[in-house]
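What follows is the content of model.csv, which has CSV, C-alpha atoms and all ligand atoms:
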chain,number,residue,atom,x,y,z
A,27,MET,CA,76.4,64.1,58.2
A,28,HIS,CA,74.8,64.5,54.8
A,29,THR,CA,75.7,67.8,53.2
A,30,ASP,CA,72.7,67.7,50.8
A,31,LEU,CA,70.3,68.1,53.7
A,32,SER,CA,68.8,71.5,54.7
A,33,ILE,CA,69.7,73.1,58.0
A,34,PRO,CA,66.4,72.1,59.7
A,35,GLU,CA,66.9,68.5,58.5
A,36,LYS,CA,70.4,68.4,59.8
A,37,LEU,CA,69.3,69.9,63.1
A,38,TYR,CA,66.4,67.4,63.6
A,39,ALA,CA,68.7,64.5,62.7
A,40,LEU,CA,71.3,65.8,65.2
A,41,GLN,CA,68.7,66.2,67.9
A,42,GLU,CA,67.5,62.7,67.4
A,43,ARG,CA,71.1,61.3,67.6
A,44,ILE,CA,71.7,63.3,70.8
A,45,THR,CA,68.5,61.9,72.3
A,46,LYS,CA,69.4,58.4,71.3
A,47,ILE,CA,73.0,58.6,72.5
A,48,SER,CA,71.8,60.2,75.8
A,49,GLU,CA,69.5,57.3,76.4
A,50,GLN,CA,72.2,54.8,75.5
A,51,TYR,CA,74.5,56.2,78.2
A,52,GLY,CA,71.8,56.6,80.8
A,53,ARG,CA,71.7,60.3,80.7
A,54,ALA,CA,68.6,61.9,82.2
A,55,THR,CA,66.2,63.5,79.8
A,56,ASN,CA,67.0,67.1,78.8
A,57,THR,CA,70.4,67.2,80.6
A,58,VAL,CA,72.3,67.7,77.3
A,59,LYS,CA,71.8,71.1,75.7
A,60,LEU,CA,72.7,71.9,72.1
A,61,LEU,CA,74.6,75.1,71.4
A,62,ALA,CA,74.6,75.8,67.7
A,63,VAL,CA,78.0,77.2,66.8
A,64,SER,CA,77.2,79.8,64.2
A,65,LYS,CA,80.6,81.5,63.6
A,66,SER,CA,81.1,82.3,59.9
A,67,GLN,CA,77.4,81.6,59.3
A,68,SER,CA,75.1,84.3,58.0
A,69,ASP,CA,72.3,85.8,60.0
A,70,GLU,CA,69.9,84.2,57.5
A,71,ASN,CA,71.2,80.7,58.4
A,72,ILE,CA,70.9,81.5,62.1
A,73,ARG,CA,67.3,82.6,61.5
A,74,ILE,CA,66.5,79.3,59.7
A,75,ALA,CA,67.9,77.3,62.6
A,76,TYR,CA,66.0,79.4,65.1
A,77,GLU,CA,62.8,78.8,63.1
A,78,ALA,CA,63.5,75.1,63.4
A,79,GLY,CA,63.5,75.4,67.1
A,80,GLN,CA,67.2,76.2,68.0
A,81,ARG,CA,67.6,78.8,70.8
A,82,LEU,CA,71.2,78.8,71.9
A,83,PHE,CA,73.9,80.1,69.5
A,84,GLY,CA,77.6,80.3,70.0
A,85,GLU,CA,80.0,82.8,68.4
A,86,SER,CA,83.8,83.1,68.4
A,87,TYR,CA,84.5,86.6,67.0
A,88,VAL,CA,83.0,89.7,68.6
A,89,GLN,CA,82.5,92.0,65.7
A,90,GLU,CA,81.1,89.3,63.5
A,91,ALA,CA,78.7,88.3,66.3
A,92,LEU,CA,77.5,91.9,67.0
A,93,GLN,CA,76.7,92.4,63.3
A,94,LYS,CA,74.5,89.3,63.3
A,95,GLN,CA,72.9,90.1,66.7
A,96,GLU,CA,71.8,93.5,65.4
A,97,LYS,CA,70.0,91.8,62.5
A,98,LEU,CA,68.4,89.2,64.8
A,99,VAL,CA,67.3,91.5,67.6
A,100,ASP,CA,63.7,90.4,67.1
A,101,LEU,CA,64.6,86.9,68.2
A,102,PRO,CA,65.0,85.9,71.9
A,103,ILE,CA,68.3,84.0,71.2
A,104,GLU,CA,70.6,83.1,74.1
A,105,TRP,CA,74.1,84.1,72.9
A,106,HIS,CA,77.2,82.3,74.1
A,107,PHE,CA,80.7,83.5,73.5
A,108,ILE,CA,83.1,80.6,72.9
A,109,GLY,CA,86.1,82.2,71.3
A,110,GLN,CA,89.4,83.5,72.5
A,111,LEU,CA,89.1,86.4,74.9
A,112,GLN,CA,91.0,89.6,74.4
A,113,SER,CA,90.9,92.2,77.1
A,114,ASN,CA,90.0,95.0,74.7
A,115,LYS,CA,86.8,93.1,73.7
A,116,ALA,CA,85.8,92.2,77.3
A,117,LYS,CA,83.4,95.2,77.5
A,118,LEU,CA,81.4,94.3,74.4
A,119,ILE,CA,81.3,90.6,75.4
A,120,ALA,CA,80.1,91.4,78.9
A,121,GLN,CA,77.3,93.6,77.3
A,122,HIS,CA,76.2,91.3,74.5
A,123,PHE,CA,76.3,87.7,75.7
A,124,SER,CA,74.7,85.8,78.4
A,125,TRP,CA,77.4,83.1,78.6
A,126,VAL,CA,81.2,83.1,78.2
A,127,HIS,CA,82.7,79.6,77.9
A,128,SER,CA,86.4,80.5,77.4
A,129,ILE,CA,87.7,82.1,80.6
A,130,SER,CA,91.2,81.3,81.6
A,131,SER,CA,92.6,84.6,82.6
A,132,LEU,CA,91.8,86.4,85.9
A,133,SER,CA,92.3,89.9,84.5
A,134,ILE,CA,89.8,89.1,81.8
A,135,ALA,CA,87.4,87.6,84.3
A,136,GLU,CA,87.7,90.9,86.3
A,137,ARG,CA,87.0,93.0,83.2
A,138,LEU,CA,83.9,90.9,82.3
A,139,ASN,CA,82.7,91.4,85.9
A,140,GLN,CA,83.4,95.1,85.8
A,141,TYR,CA,81.5,95.7,82.5
A,142,HIS,CA,78.6,93.3,83.0
A,143,SER,CA,75.6,95.4,84.2
A,144,GLY,CA,74.6,94.6,87.8
A,145,ASN,CA,71.0,95.1,86.7
A,146,LEU,CA,71.1,92.1,84.5
A,147,PRO,CA,71.3,88.5,85.7
A,148,PRO,CA,75.0,87.6,86.2
A,149,LEU,CA,77.1,86.5,83.2
A,150,ASN,CA,77.3,82.7,83.1
A,151,CYS,CA,80.9,81.6,82.8
A,152,CYS,CA,82.9,78.5,82.3
A,153,ILE,CA,86.6,78.0,83.0
A,154,GLN,CA,88.4,76.7,79.9
A,155,VAL,CA,90.7,73.7,80.6
A,156,ASN,CA,93.5,72.5,78.4
A,157,ILE,CA,92.8,68.8,79.1
A,158,GLY,CA,95.0,67.5,76.3
A,159,ASN,CA,98.0,69.4,77.7
A,160,GLU,CA,98.7,70.9,74.4
A,161,LYS,CA,101.2,73.7,74.2
A,162,THR,CA,99.2,75.6,71.5
A,163,LYS,CA,95.9,75.5,73.3
A,164,THR,CA,94.5,78.2,75.5
A,165,GLY,CA,92.9,77.2,78.8
A,166,LEU,CA,94.2,76.4,82.3
A,167,GLU,CA,96.0,73.3,83.2
A,168,PRO,CA,93.8,71.0,85.3
A,169,GLU,CA,96.0,71.7,88.4
A,170,GLN,CA,95.5,75.4,88.1
A,171,VAL,CA,91.7,75.3,88.2
A,172,GLN,CA,91.3,75.2,92.0
A,173,ALA,CA,93.3,78.3,92.6
A,174,PHE,CA,91.6,80.1,89.9
A,175,ALA,CA,88.2,79.1,91.3
A,176,ARG,CA,89.0,80.8,94.6
A,177,HIS,CA,89.2,84.1,92.8
A,178,ILE,CA,86.4,83.8,90.3
A,179,ILE,CA,83.7,83.1,93.0
A,180,HIS,CA,84.3,86.6,94.4
A,181,LEU,CA,83.2,88.4,91.2
A,182,PRO,CA,79.6,89.3,91.9
A,183,ASN,CA,78.5,89.9,88.3
A,184,LEU,CA,79.8,86.5,87.1
A,185,HIS,CA,78.0,83.2,87.8
A,186,TRP,CA,80.6,80.5,87.5
A,187,ARG,CA,78.8,77.4,86.1
A,188,GLY,CA,81.5,74.9,85.3
A,189,LEU,CA,84.2,73.9,82.8
A,190,MET,CA,84.7,73.9,79.1
A,191,THR,CA,87.3,72.2,77.0
A,192,ILE,CA,88.5,71.8,73.4
A,193,PRO,CA,90.3,68.4,73.7
A,194,ALA,CA,93.4,67.5,71.7
A,195,PHE,CA,92.1,66.4,68.3
A,196,THR,CA,91.9,62.7,67.7
A,197,SER,CA,89.5,60.4,65.8
A,198,ASP,CA,90.3,57.6,68.3
A,199,VAL,CA,87.2,57.4,70.3
A,200,SER,CA,88.9,55.8,73.3
A,201,VAL,CA,91.3,58.8,73.5
A,202,GLN,CA,88.4,61.2,73.1
A,203,ARG,CA,86.6,59.4,76.0
A,204,GLN,CA,89.7,59.5,78.2
A,205,GLN,CA,90.0,63.3,77.9
A,206,PHE,CA,86.3,63.9,78.5
A,207,SER,CA,86.5,61.5,81.5
A,208,LYS,CA,89.2,63.7,83.0
A,209,MET,CA,86.9,66.7,82.7
A,210,LYS,CA,84.1,64.8,84.4
A,211,GLU,CA,86.4,64.0,87.3
A,212,LEU,CA,87.7,67.5,87.6
A,213,LEU,CA,84.1,68.9,87.8
A,214,ALA,CA,83.2,66.2,90.4
A,215,THR,CA,86.1,67.3,92.5
A,216,LEU,CA,85.3,71.0,92.2
A,217,LYS,CA,81.6,70.3,93.1
A,218,LEU,CA,82.7,69.2,96.6
A,219,ASP,CA,83.6,72.8,97.3
A,220,TYR,CA,81.2,74.5,94.8
A,221,PRO,CA,78.1,72.4,94.8
A,222,TRP,CA,76.2,74.7,92.4
A,223,LEU,CA,78.4,73.8,89.4
A,224,ASP,CA,76.3,72.2,86.8
A,225,THR,CA,78.0,72.7,83.4
A,226,LEU,CA,80.4,70.7,81.3
A,227,SER,CA,80.8,72.4,77.9
A,228,MET,CA,82.4,69.8,75.7
A,229,GLY,CA,81.7,67.8,72.5
A,230,MET,CA,81.9,69.1,68.9
A,231,SER,CA,80.7,67.7,65.6
A,232,GLY,CA,83.5,65.0,65.6
A,233,ASP,CA,83.4,63.9,69.2
A,234,PHE,CA,80.1,64.6,70.8
A,235,GLU,CA,79.1,61.0,71.4
A,236,MET,CA,81.9,60.4,73.9
A,237,ALA,CA,81.3,63.8,75.4
A,238,ILE,CA,77.7,62.8,76.2
A,239,ALA,CA,79.0,59.5,77.6
A,240,GLU,CA,81.2,61.4,80.0
A,241,GLY,CA,78.6,63.9,81.2
A,242,ALA,CA,78.6,66.9,78.8
A,243,THR,CA,75.8,69.3,79.5
A,244,ILE,CA,76.4,71.7,76.6
A,245,LEU,CA,77.5,70.4,73.2
A,246,ARG,CA,79.0,73.0,71.0
A,247,ILE,CA,78.2,71.9,67.4
A,248,GLY,CA,78.7,73.8,64.2
A,249,THR,CA,79.6,71.7,61.2
A,250,ALA,CA,77.0,69.0,61.8
A,251,ILE,CA,74.2,71.7,61.7
A,252,PHE,CA,75.5,74.2,59.1
A,253,GLY,CA,77.9,72.3,57.0
A,254,VAL,CA,81.6,73.0,56.5
A,255,ARG,CA,82.7,76.6,57.4
A,256,VAL,CA,84.0,79.0,54.9
A,257,TYR,CA,86.1,81.5,56.8
A,258,THR,CA,85.3,85.1,56.2
A,259,HIS,CA,85.2,86.5,59.6
A,260,VAL,CA,86.3,90.0,60.7
A,261,CYS,CA,87.9,90.0,64.2
B,1,LIG,C1,84.1,76.1,66.0
B,1,LIG,C2,84.0,75.7,67.4
B,1,LIG,C3,83.1,74.6,67.7
B,1,LIG,C4,82.3,73.8,66.7
B,1,LIG,O1,83.1,72.9,66.0
B,1,LIG,P1,82.4,71.9,64.9
B,1,LIG,O2,83.5,70.9,64.7
B,1,LIG,O3,82.1,72.7,63.7
B,1,LIG,O4,81.2,71.3,65.5
B,1,LIG,C5,83.0,74.2,69.1
B,1,LIG,N1,83.7,74.9,70.0
B,1,LIG,C6,84.5,75.9,69.7
B,1,LIG,C7,85.3,76.6,70.8
B,1,LIG,C8,84.7,76.3,68.4
B,1,LIG,O5,85.5,77.3,68.2

Show me this structure written as structure tokens.
Ligand SMILES: *Cc1c(COP(=O)(O)O)cnc(C)c1O
Amino acid sequence: MHTDLSIPEKLYALQERITKISEQYGRATNTVKLLAVSKSQSDENIRIAYEAGQRLFGESYVQEALQKQEKLVDLPIEWHFIGQLQSNKAKLIAQHFSWVHSISSLSIAERLNQYHSGNLPPLNCCIQVNIGNEKTKTGLEPEQVQAFARHIIHLPNLHWRGLMTIPAFTSDVSVQRQQFSKMKELLATLKLDYPWLDTLSMGMSGDFEMAIAEGATILRIGTAIFGVRVYTHVC
């Protein structure tokens, strides 16, 4: 991506690429959503992206997100939490986000369920899967997902929508595709028991083409919209 372009220009270029790639891989129109990952970005940059038509934003750090949400209360943004979950932050997350992509602990799922208001629509959730079998990555192993699912479906304030992954990093597109393909298969298997599942949250700036090819429904993209991140977050 060109770094000399403005945020709206990068966003439009990205949208066009997503449309083109979706057509190329036979994906039905509007089945691939773009989540703009705005961690480390200012509220001003989020506002610029919003004015260019972007509606879904993803954040990884709770305090940082809440500060920005406060400055952007006038905008009907759909906020997604995509970062590591800590149990002491579950209450704030349950109250300030409509989606949580990164669930891999039952105790945290229970806390989110407990703190999410029953008066609101249920909190949309994805189970995070460690598809690359990396020791350092959070997320369930693929074999653990079925057992986890049997518990999460009983939490009334959570609406389990599907799976999320951050695959093992590689610039080899065939390896990228293999990992995303495993996610697609895992979701297909789960859908036999849970037919409402409709979400595969996968694909970032460096690998979204293969994610689209393998059925991603939410791309989580930061760098290709906002440029390279400078880390200044407060946890
Ligand atoms: C930062 C982040 C992204 C976005 O990554 P880019 O490479 O900047 O597009 C996506 N998903 C998660 C979970 C992230 O933490």

>> Neighbouring residues of ligand LIG 1 (chain B) are defined here as those with any atom at most 10 Å from a ligand atom, counting all atoms listed in the file; list them as a ChimeraX atom specification.
In response: /A:61-66,84-87,107-110,127-128,154,190-193,227-234,245-255

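Checking A:Val99, A:Cys152, A:Ala54, A:Ala39 one by one against Ala239 of chain A, counting only C-alpha atoms, you find the shortest gap at A:Ala54.
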
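One distance worth recording is that between atom CA of Gln112 of chain A and atom CA of Pro148 of chain A, which is 20.0 Å.
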
> Using all atoms listed in the file, which of A:Leu60, A:Met209, A:Leu111, A:Leu226 sits nearest Ser131 of chain A?
Replying inline: A:Leu111

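Here the question is which of A:Gln205, A:Ser32, A:Ser130, A:Thr215 gets nearest to Gln170 of chain A using all atoms listed in the file, and that residue is A:Ser130.
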
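As for atom CA of Gln89 of chain A and atom CA of Glu77 of chain A, they are spaced 23.9 Å apart.
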
Mind checking which residues fall within 12 Å of Lys210 of chain A, counting only C-alpha atoms, ignoring those fewer than 5 positions away in the same chain, and posting them as a compact mmCIF listing (two decimals) with C-alpha atoms, in the coordinates of the input?
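Written file, result_32.txt:
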# COMPACT_ATOMS: atom_id res chain seq x y z
CA VAL A 155 90.70 73.70 80.60
CA ILE A 157 92.80 68.80 79.10
CA PRO A 168 93.80 71.00 85.30
CA GLY A 188 81.50 74.90 85.30
CA LEU A 189 84.20 73.90 82.80
CA MET A 190 84.70 73.90 79.10
CA THR A 191 87.30 72.20 77.00
CA ARG A 203 86.60 59.40 76.00
CA GLN A 204 89.70 59.50 78.20
CA GLN A 205 90.00 63.30 77.90
CA THR A 215 86.10 67.30 92.50
CA LEU A 216 85.30 71.00 92.20
CA LYS A 217 81.60 70.30 93.10
CA LEU A 223 78.40 73.80 89.40
CA ASP A 224 76.30 72.20 86.80
CA THR A 225 78.00 72.70 83.40
CA LEU A 226 80.40 70.70 81.30
CA SER A 227 80.80 72.40 77.90
CA MET A 228 82.40 69.80 75.70
CA MET A 236 81.90 60.40 73.90
CA ALA A 237 81.30 63.80 75.40
CA ILE A 238 77.70 62.80 76.20
CA ALA A 239 79.00 59.50 77.60
CA GLU A 240 81.20 61.40 80.00
CA GLY A 241 78.60 63.90 81.20
CA ALA A 242 78.60 66.90 78.80
CA THR A 243 75.80 69.30 79.50

>> Is it possible to get the residues within 12 Å of (93.3, 80.2, 86.8) (coordinates as in the file, counting only C-alpha atoms) written as number ranges by chain?
In response: A: 128-135, 152-156, 164-179, 189

>> Could you tell me how far atom CA of Ile119 of chain A sits from atom CA of Glu136 of chain A, in Å to one decimal place?
In response: 12.6 Å

For segment 244-258 of chain A, which lacks atoms in the input, supply N, CA and C atoms and format the output as an mmCIF file, keeping the file's coordinate frame.
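As written to disk, result.cif reads:
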data_model
loop_
_atom_site.group_PDB
_atom_site.id
_atom_site.type_symbol
_atom_site.label_atom_id
_atom_site.label_comp_id
_atom_site.auth_asym_id
_atom_site.auth_seq_id
_atom_site.Cartn_x
_atom_site.Cartn_y
_atom_site.Cartn_z
ATOM 1 N N ILE A 244 76.566 70.792 77.788
ATOM 2 C CA ILE A 244 76.400 71.700 76.600
ATOM 3 C C ILE A 244 77.309 71.147 75.499
ATOM 4 N N LEU A 245 76.712 70.746 74.389
ATOM 5 C CA LEU A 245 77.500 70.400 73.200
ATOM 6 C C LEU A 245 77.611 71.611 72.342
ATOM 7 N N ARG A 246 78.807 71.871 71.844
ATOM 8 C CA ARG A 246 79.000 73.000 71.000
ATOM 9 C C ARG A 246 79.225 72.512 69.543
ATOM 10 N N ILE A 247 78.178 72.609 68.728
ATOM 11 C CA ILE A 247 78.200 71.900 67.400
ATOM 12 C C ILE A 247 77.939 72.913 66.281
ATOM 13 N N GLY A 248 78.859 72.972 65.331
ATOM 14 C CA GLY A 248 78.700 73.800 64.200
ATOM 15 C C GLY A 248 78.502 73.083 62.887
ATOM 16 N N THR A 249 79.561 72.402 62.454
ATOM 17 C CA THR A 249 79.600 71.700 61.200
ATOM 18 C C THR A 249 78.405 70.771 60.946
ATOM 19 N N ALA A 250 78.038 70.012 61.945
ATOM 20 C CA ALA A 250 77.000 69.000 61.800
ATOM 21 C C ALA A 250 75.599 69.682 61.592
ATOM 22 N N ILE A 251 75.500 70.991 61.886
ATOM 23 C CA ILE A 251 74.200 71.700 61.700
ATOM 24 C C ILE A 251 74.273 72.520 60.383
ATOM 25 N N PHE A 252 75.388 73.254 60.205
ATOM 26 C CA PHE A 252 75.500 74.200 59.100
ATOM 27 C C PHE A 252 76.299 73.802 57.939
ATOM 28 N N GLY A 253 76.994 72.696 58.060
ATOM 29 C CA GLY A 253 77.900 72.300 57.000
ATOM 30 C C GLY A 253 79.308 72.884 57.251
ATOM 31 N N VAL A 254 80.225 72.600 56.356
ATOM 32 C CA VAL A 254 81.600 73.000 56.500
ATOM 33 C C VAL A 254 81.721 74.540 56.431
ATOM 34 N N ARG A 255 82.510 75.107 57.347
ATOM 35 C CA ARG A 255 82.700 76.600 57.400
ATOM 36 C C ARG A 255 83.560 77.105 56.304
ATOM 37 N N VAL A 256 83.161 78.253 55.741
ATOM 38 C CA VAL A 256 84.000 79.000 54.900
ATOM 39 C C VAL A 256 84.426 80.244 55.685
ATOM 40 N N TYR A 257 85.717 80.420 55.915
ATOM 41 C CA TYR A 257 86.100 81.500 56.800
ATOM 42 C C TYR A 257 86.149 82.860 56.150
ATOM 43 N N THR A 258 85.330 83.762 56.671
ATOM 44 C CA THR A 258 85.300 85.100 56.200
ATOM 45 C C THR A 258 85.177 86.126 57.283
#
